[in-house]
file work_28.tsv (TSV, C-alpha atoms)
chain	number	residue	atom	x	y	z
M	1	MET	CA	-7.27	-0.91	-9.80
M	2	LEU	CA	-8.89	2.49	-10.38
M	3	GLY	CA	-10.72	1.27	-13.44
M	4	GLY	CA	-7.57	-0.11	-15.04
M	5	LYS	CA	-5.41	2.99	-14.48
M	6	TYR	CA	-3.20	1.12	-11.98
M	7	VAL	CA	-2.40	-2.38	-13.15
M	8	PHE	CA	0.23	-4.74	-11.76
M	9	ALA	CA	0.79	-8.45	-11.30
M	10	LEU	CA	2.17	-10.14	-8.22
M	11	PRO	CA	4.62	-13.02	-8.64
M	12	LYS	CA	2.97	-16.47	-8.70
M	13	ASP	CA	4.18	-17.36	-5.19
M	14	TYR	CA	1.64	-14.94	-3.66
M	15	VAL	CA	-1.56	-16.62	-2.50
M	16	GLU	CA	-4.76	-14.70	-1.87
M	17	GLY	CA	-6.12	-15.03	1.64
M	18	PRO	CA	-9.01	-13.70	3.68
M	19	MET	CA	-9.13	-10.07	4.74
M	20	GLU	CA	-11.40	-9.87	7.78
M	21	GLU	CA	-11.10	-6.07	7.95
M	22	ILE	CA	-13.37	-5.78	4.92
M	23	ASP	CA	-16.70	-6.87	6.34
M	24	ASP	CA	-20.22	-6.55	4.91
M	25	LYS	CA	-20.49	-2.96	6.15
M	26	ALA	CA	-17.22	-1.98	4.45
M	27	ARG	CA	-18.23	-3.72	1.20
M	28	ALA	CA	-21.58	-1.91	1.29
M	29	ALA	CA	-19.64	1.37	1.56
M	30	GLY	CA	-17.67	0.46	-1.59
M	31	VAL	CA	-14.47	-0.84	-0.02
M	32	THR	CA	-12.75	-3.70	-1.86
M	33	GLY	CA	-9.50	-5.45	-1.13
M	34	SER	CA	-7.42	-8.56	-0.92
M	35	LEU	CA	-4.54	-9.86	1.14
M	36	TYR	CA	-1.80	-11.82	-0.61
M	37	MET	CA	0.82	-13.80	1.27
M	38	ASN	CA	4.12	-15.28	0.23
M	39	LYS	CA	4.50	-17.74	3.11
M	40	PRO	CA	8.09	-18.88	2.40
M	41	ALA	CA	9.27	-15.24	2.28
M	42	LYS	CA	6.94	-14.18	5.12
M	43	ARG	CA	5.86	-11.21	2.99
M	44	VAL	CA	2.34	-9.77	2.82
M	45	VAL	CA	0.77	-7.52	0.19
M	46	ILE	CA	-2.51	-5.80	1.09
M	47	VAL	CA	-4.45	-4.25	-1.78
M	48	THR	CA	-7.45	-2.00	-1.09
M	49	GLU	CA	-9.61	0.37	-3.04
M	50	THR	CA	-11.95	2.75	-1.24
M	51	PRO	CA	-14.26	5.63	-2.10
M	52	LEU	CA	-12.90	9.08	-1.33
M	53	PRO	CA	-14.60	10.82	1.61
M	54	ASP	CA	-17.58	13.08	0.97
M	55	ALA	CA	-18.06	11.63	-2.55
M	56	GLN	CA	-15.12	13.70	-3.81
M	57	ASN	CA	-14.23	13.39	-7.48
M	58	VAL	CA	-10.58	14.22	-8.16
M	59	PRO	CA	-8.24	14.05	-11.16
M	60	SER	CA	-5.89	11.06	-11.32
M	61	ASN	CA	-2.92	13.15	-10.27
M	62	ASP	CA	-4.48	15.20	-7.47
M	63	THR	CA	-1.48	16.20	-5.37
M	64	GLN	CA	-3.43	17.38	-2.32
M	65	THR	CA	-5.49	14.19	-2.07
M	66	LEU	CA	-2.38	12.00	-2.42
M	67	ASP	CA	-0.51	14.08	0.17
M	68	ASN	CA	-3.46	13.73	2.57
M	69	ILE	CA	-3.59	9.95	2.11
M	70	ILE	CA	0.12	9.62	2.87
M	71	ALA	CA	-0.16	11.93	5.91
M	72	GLU	CA	-3.08	9.88	7.28
M	73	THR	CA	-1.17	6.64	6.61
M	74	LEU	CA	1.85	7.99	8.45
M	75	VAL	CA	-0.23	8.81	11.53
M	76	GLN	CA	-1.93	5.38	11.43
M	77	GLN	CA	1.38	3.53	11.08
M	78	GLN	CA	3.05	5.51	13.87
M	79	SER	CA	0.40	4.15	16.23
M	80	SER	CA	0.47	0.61	14.76
M	81	TYR	CA	4.20	-0.11	14.90
M	82	LYS	CA	6.59	-0.11	17.84
M	83	ASP	CA	10.04	1.35	17.15
M	84	PHE	CA	8.48	3.30	14.26
M	85	SER	CA	10.86	5.05	11.87
M	86	LYS	CA	9.99	6.87	8.64
M	87	LEU	CA	12.56	5.84	6.03
M	88	GLY	CA	11.39	7.99	3.15
M	89	GLU	CA	8.68	9.25	0.86
M	90	LYS	CA	8.62	9.39	-2.95
M	91	LYS	CA	6.50	10.86	-5.71
M	92	ILE	CA	6.41	8.57	-8.73
M	93	VAL	CA	4.67	8.72	-12.10
M	94	ARG	CA	3.77	5.28	-13.49
M	95	GLN	CA	2.18	5.17	-16.92
M	96	GLY	CA	0.84	8.70	-16.45
M	97	LEU	CA	-0.59	8.01	-12.97
M	98	ASP	CA	0.88	9.81	-9.96
M	99	LEU	CA	1.78	7.48	-7.09
M	100	ARG	CA	2.97	8.28	-3.59
M	101	GLN	CA	5.27	5.89	-1.78
M	102	LEU	CA	5.86	5.87	1.97
M	103	ASP	CA	8.56	3.63	3.45
M	104	ILE	CA	8.76	2.91	7.17
M	105	SER	CA	10.30	0.38	9.52
M	106	GLY	CA	9.03	-0.81	12.84
M	107	SER	CA	8.28	-3.78	15.04
M	108	VAL	CA	5.16	-5.87	15.07
M	109	GLU	CA	4.66	-8.79	17.46
M	110	GLY	CA	8.37	-8.63	18.32
M	111	GLY	CA	9.61	-8.82	14.71
M	112	LYS	CA	11.29	-6.02	12.77
M	113	VAL	CA	9.53	-5.22	9.50
M	114	LEU	CA	9.70	-2.93	6.51
M	115	SER	CA	6.43	-1.50	5.28
M	116	THR	CA	5.90	0.33	2.01
M	117	THR	CA	2.58	1.99	1.21
M	118	ILE	CA	1.80	3.00	-2.37
M	119	ALA	CA	-1.22	5.25	-2.97
M	120	ALA	CA	-3.01	6.45	-6.10
M	121	VAL	CA	-6.29	8.29	-6.74
M	122	SER	CA	-8.64	8.66	-9.66
M	123	GLY	CA	-12.18	9.94	-9.85
M	124	THR	CA	-14.04	8.99	-6.69
M	125	ARG	CA	-11.65	6.25	-5.52
M	126	THR	CA	-8.29	5.73	-3.91
M	127	ALA	CA	-6.09	2.66	-4.31
M	128	VAL	CA	-3.58	1.64	-1.66
M	129	VAL	CA	-1.05	-1.19	-1.83
M	130	ASN	CA	0.90	-2.07	1.31
M	131	VAL	CA	3.93	-4.39	1.17
M	132	ILE	CA	5.17	-5.74	4.51
M	133	SER	CA	8.40	-7.73	4.69
M	134	LEU	CA	10.84	-8.89	7.33
M	135	GLU	CA	13.48	-6.22	7.85
M	136	LYS	CA	16.25	-8.63	6.83
M	137	ASP	CA	14.73	-9.03	3.33
M	138	VAL	CA	15.50	-5.50	2.09
M	139	LYS	CA	16.50	-6.49	-1.47
M	140	ALA	CA	13.45	-8.71	-2.08
M	141	HIS	CA	11.18	-6.05	-0.54
M	142	GLU	CA	12.63	-3.34	-2.78
M	143	ALA	CA	12.37	-5.56	-5.87
M	144	LEU	CA	8.66	-6.18	-5.27
M	145	VAL	CA	7.99	-2.49	-4.54
M	146	ASN	CA	9.82	-1.51	-7.74
M	147	SER	CA	7.65	-3.92	-9.74
M	148	LEU	CA	4.54	-2.23	-8.29
M	149	THR	CA	5.75	1.33	-8.90
M	150	GLY	CA	7.64	0.85	-12.16
M	151	GLY	CA	10.86	1.83	-10.39
M	152	LYS	CA	14.34	0.49	-11.06
call {"tool": "encode", "arguments": {"input": "work_28.tsv", "output": "structure tokens"}}
result
Amino acid sequence: MLGGKYVFALPKDYVEGPMEEIDDKARAAGVTGSLYMNKPAKRVVIVTETPLPDAQNVPSNDTQTLDNIIAETLVQQQSSYKDFSKLGEKKIVRQGLDLRQLDISGSVEGGKVLSTTIAAVSGTRTAVVNVISLEKDVKAHEALVNSLTGGK
């Protein structure tokens, strides 16, 4: 992602599936993305890369842009999840690239979930990775998030 500045590999049990949200109009606007599912674990990873608004061009570690992305994500998730609760927010540096991590919990279709959003920016694009797991799978969720952020 981001021209090779943000590189990670998902474990082999993740299978790429369709992502209907990225239609022809979104692709024409420069949006790319994939949805990966680990069916046995009931865990989803959504990976998207989008152009920054107004053709902005920012340095890879632009604090204001990253803060804005996380703030917008927080608002969007508050309206998407029932029983929404913000669990935390982190600033991480992975191989010289600033990342922002937002952790929340909530309910979707009656099930309790954990959702972690990881955001990065570089040049004219933003990369967002969202990991959604069942709330009961905290350790596996954290392990996957740590592999994506370079955390321990």
call {"tool": "residues_around", "arguments": {"input": "work_28.tsv", "residues": "region 58-63 of chain M", "least_positions_apart": "5", "cutoff": "12 Å", "atoms": "only C-alpha atoms", "output": "count of residues only"}}
result
30
call {"tool": "atom_distance", "arguments": {"input": "work_28.tsv", "atom1": "CA of Ala28 (chain M)", "atom2": "CA of Thr50 (chain M)"}}
result
11.0 Å
call {"tool": "residues_around", "arguments": {"input": "work_28.tsv", "residues": "region 16-24 of chain M", "least_positions_apart": "5", "cutoff": "8 Å", "atoms": "only C-alpha atoms", "output": "PyMOL selection string"}}
result
chain M and resi 31-37
call {"tool": "closest_residue", "arguments": {"input": "work_28.tsv", "among": "M:Thr149, M:Gln64, M:Thr48, M:Ser107", "to": "Asn130 (chain M)", "atoms": "only C-alpha atoms"}}
result
M:Thr48
call {"tool": "closest_residue", "arguments": {"input": "work_28.tsv", "among": "M:Asp103, M:Asp67, M:Asp13, M:Glu89", "to": "Asn38 (chain M)", "atoms": "all atoms listed in the file"}}
result
M:Asp13
call {"tool": "atom_distance", "arguments": {"input": "work_28.tsv", "atom1": "CA of Ile104 (chain M)", "atom2": "CA of Glu49 (chain M)"}}
result
21.2 Å
call {"tool": "residues_around", "arguments": {"input": "work_28.tsv", "residues": "Asn146 (chain M)", "least_positions_apart": "4", "cutoff": "12 Å", "atoms": "only C-alpha atoms", "output": "list in words"}}
result
Phe8, Ala9, Leu10, Lys90, Ile92, Arg94, Gln101, Thr116, Ile118, Val131, Lys139, Ala140, His141, Glu142, Gly150, Gly151 and Lys152 of chain M
call {"tool": "closest_residue", "arguments": {"input": "work_28.tsv", "among": "M:Arg43, M:Thr65, M:Gln56, M:Ser115", "to": "Tyr81 (chain M)", "atoms": "only C-alpha atoms"}}
result
M:Ser115
call {"tool": "axis_aligned_box", "arguments": {"input": "work_28.tsv", "around": "region 116-131 of chain M", "padding_each_side": "5 Å", "output": "AutoDock Vina command-line options"}}
result
--center_x -4.1 --center_y 2.8 --center_z -3.9 --size_x 29.9 --size_y 24.3 --size_z 21.9
call {"tool": "residues_around", "arguments": {"input": "work_28.tsv", "residues": "Lys86 (chain M)", "least_positions_apart": "5", "cutoff": "9 Å", "atoms": "all atoms listed in the file", "output": "list in words"}}
result
Leu74, Gln78, Leu102, Asp103, Ile104, Ser105 and Gly106 of chain M
call {"tool": "closest_residue", "arguments": {"input": "work_28.tsv", "among": "M:Ile132, M:Lys39, M:Asp83, M:Gly30", "to": "Lys12 (chain M)", "atoms": "only C-alpha atoms"}}
result
M:Lys39
call {"tool": "atom_distance", "arguments": {"input": "work_28.tsv", "atom1": "CA of Leu66 (chain M)", "atom2": "CA of Val128 (chain M)"}}
result
10.5 Å
call {"tool": "residues_around", "arguments": {"input": "work_28.tsv", "residues": "Lys136 (chain M)", "least_positions_apart": "3", "cutoff": "9 Å", "atoms": "all atoms listed in the file", "output": "PyMOL selection string"}}
result
chain M and resi 112-114+133+139
call {"tool": "decode", "arguments": {"input": "work_28.tsv", "residues": "region 121-143 of chain M", "atoms": "N, CA and C atoms", "output": "short mmCIF file (atom, residue, chain, number, x, y, z; two decimals), in the first residue's frame"}}
result
data_model
loop_
_atom_site.label_atom_id
_atom_site.label_comp_id
_atom_site.auth_asym_id
_atom_site.auth_seq_id
_atom_site.Cartn_x
_atom_site.Cartn_y
_atom_site.Cartn_z
N VAL M 121 -0.89 7.69 5.66
CA VAL M 121 -0.99 8.59 4.50
C VAL M 121 0.40 8.76 3.89
N SER M 122 0.38 9.02 2.58
CA SER M 122 1.62 9.35 1.89
C SER M 122 1.28 9.96 0.54
N GLY M 123 1.85 11.11 0.28
CA GLY M 123 1.61 11.76 -1.01
C GLY M 123 0.15 12.17 -1.14
N THR M 124 -0.50 11.63 -2.15
CA THR M 124 -1.90 12.00 -2.43
C THR M 124 -2.89 10.93 -1.98
N ARG M 125 -2.40 9.91 -1.23
CA ARG M 125 -3.28 8.79 -0.90
C ARG M 125 -3.29 8.47 0.60
N THR M 126 -4.38 7.86 1.00
CA THR M 126 -4.51 7.35 2.36
C THR M 126 -4.79 5.85 2.28
N ALA M 127 -4.22 5.12 3.22
CA ALA M 127 -4.45 3.68 3.32
C ALA M 127 -5.14 3.41 4.65
N VAL M 128 -6.19 2.58 4.60
CA VAL M 128 -6.91 2.22 5.82
C VAL M 128 -7.10 0.71 5.84
N VAL M 129 -6.76 0.11 6.98
CA VAL M 129 -6.98 -1.32 7.19
C VAL M 129 -7.91 -1.43 8.39
N ASN M 130 -8.99 -2.18 8.23
CA ASN M 130 -9.96 -2.36 9.32
C ASN M 130 -10.05 -3.85 9.62
N VAL M 131 -9.81 -4.22 10.88
CA VAL M 131 -9.90 -5.60 11.34
C VAL M 131 -11.12 -5.70 12.24
N ILE M 132 -12.03 -6.62 11.90
CA ILE M 132 -13.25 -6.81 12.69
C ILE M 132 -13.30 -8.26 13.15
N SER M 133 -13.40 -8.44 14.47
CA SER M 133 -13.41 -9.77 15.06
C SER M 133 -14.57 -9.89 16.04
N LEU M 134 -14.93 -11.11 16.38
CA LEU M 134 -15.89 -11.32 17.45
C LEU M 134 -15.24 -10.88 18.75
N GLU M 135 -16.04 -10.28 19.62
CA GLU M 135 -15.51 -9.73 20.86
C GLU M 135 -14.80 -10.79 21.71
N LYS M 136 -15.25 -12.02 21.62
CA LYS M 136 -14.66 -13.09 22.44
C LYS M 136 -13.25 -13.48 21.98
N ASP M 137 -12.84 -13.03 20.79
CA ASP M 137 -11.54 -13.42 20.23
C ASP M 137 -10.49 -12.32 20.40
N VAL M 138 -10.40 -11.76 21.61
CA VAL M 138 -9.52 -10.61 21.86
C VAL M 138 -8.07 -10.94 21.52
N LYS M 139 -7.56 -12.08 21.98
CA LYS M 139 -6.13 -12.40 21.78
C LYS M 139 -5.81 -12.56 20.30
N ALA M 140 -6.63 -13.26 19.55
CA ALA M 140 -6.38 -13.45 18.11
C ALA M 140 -6.50 -12.12 17.37
N HIS M 141 -7.46 -11.29 17.78
CA HIS M 141 -7.63 -9.97 17.18
C HIS M 141 -6.37 -9.13 17.41
N GLU M 142 -5.91 -9.08 18.65
CA GLU M 142 -4.72 -8.30 18.98
C GLU M 142 -3.49 -8.82 18.25
N ALA M 143 -3.36 -10.13 18.11
CA ALA M 143 -2.21 -10.71 17.42
C ALA M 143 -2.18 -10.28 15.95
#
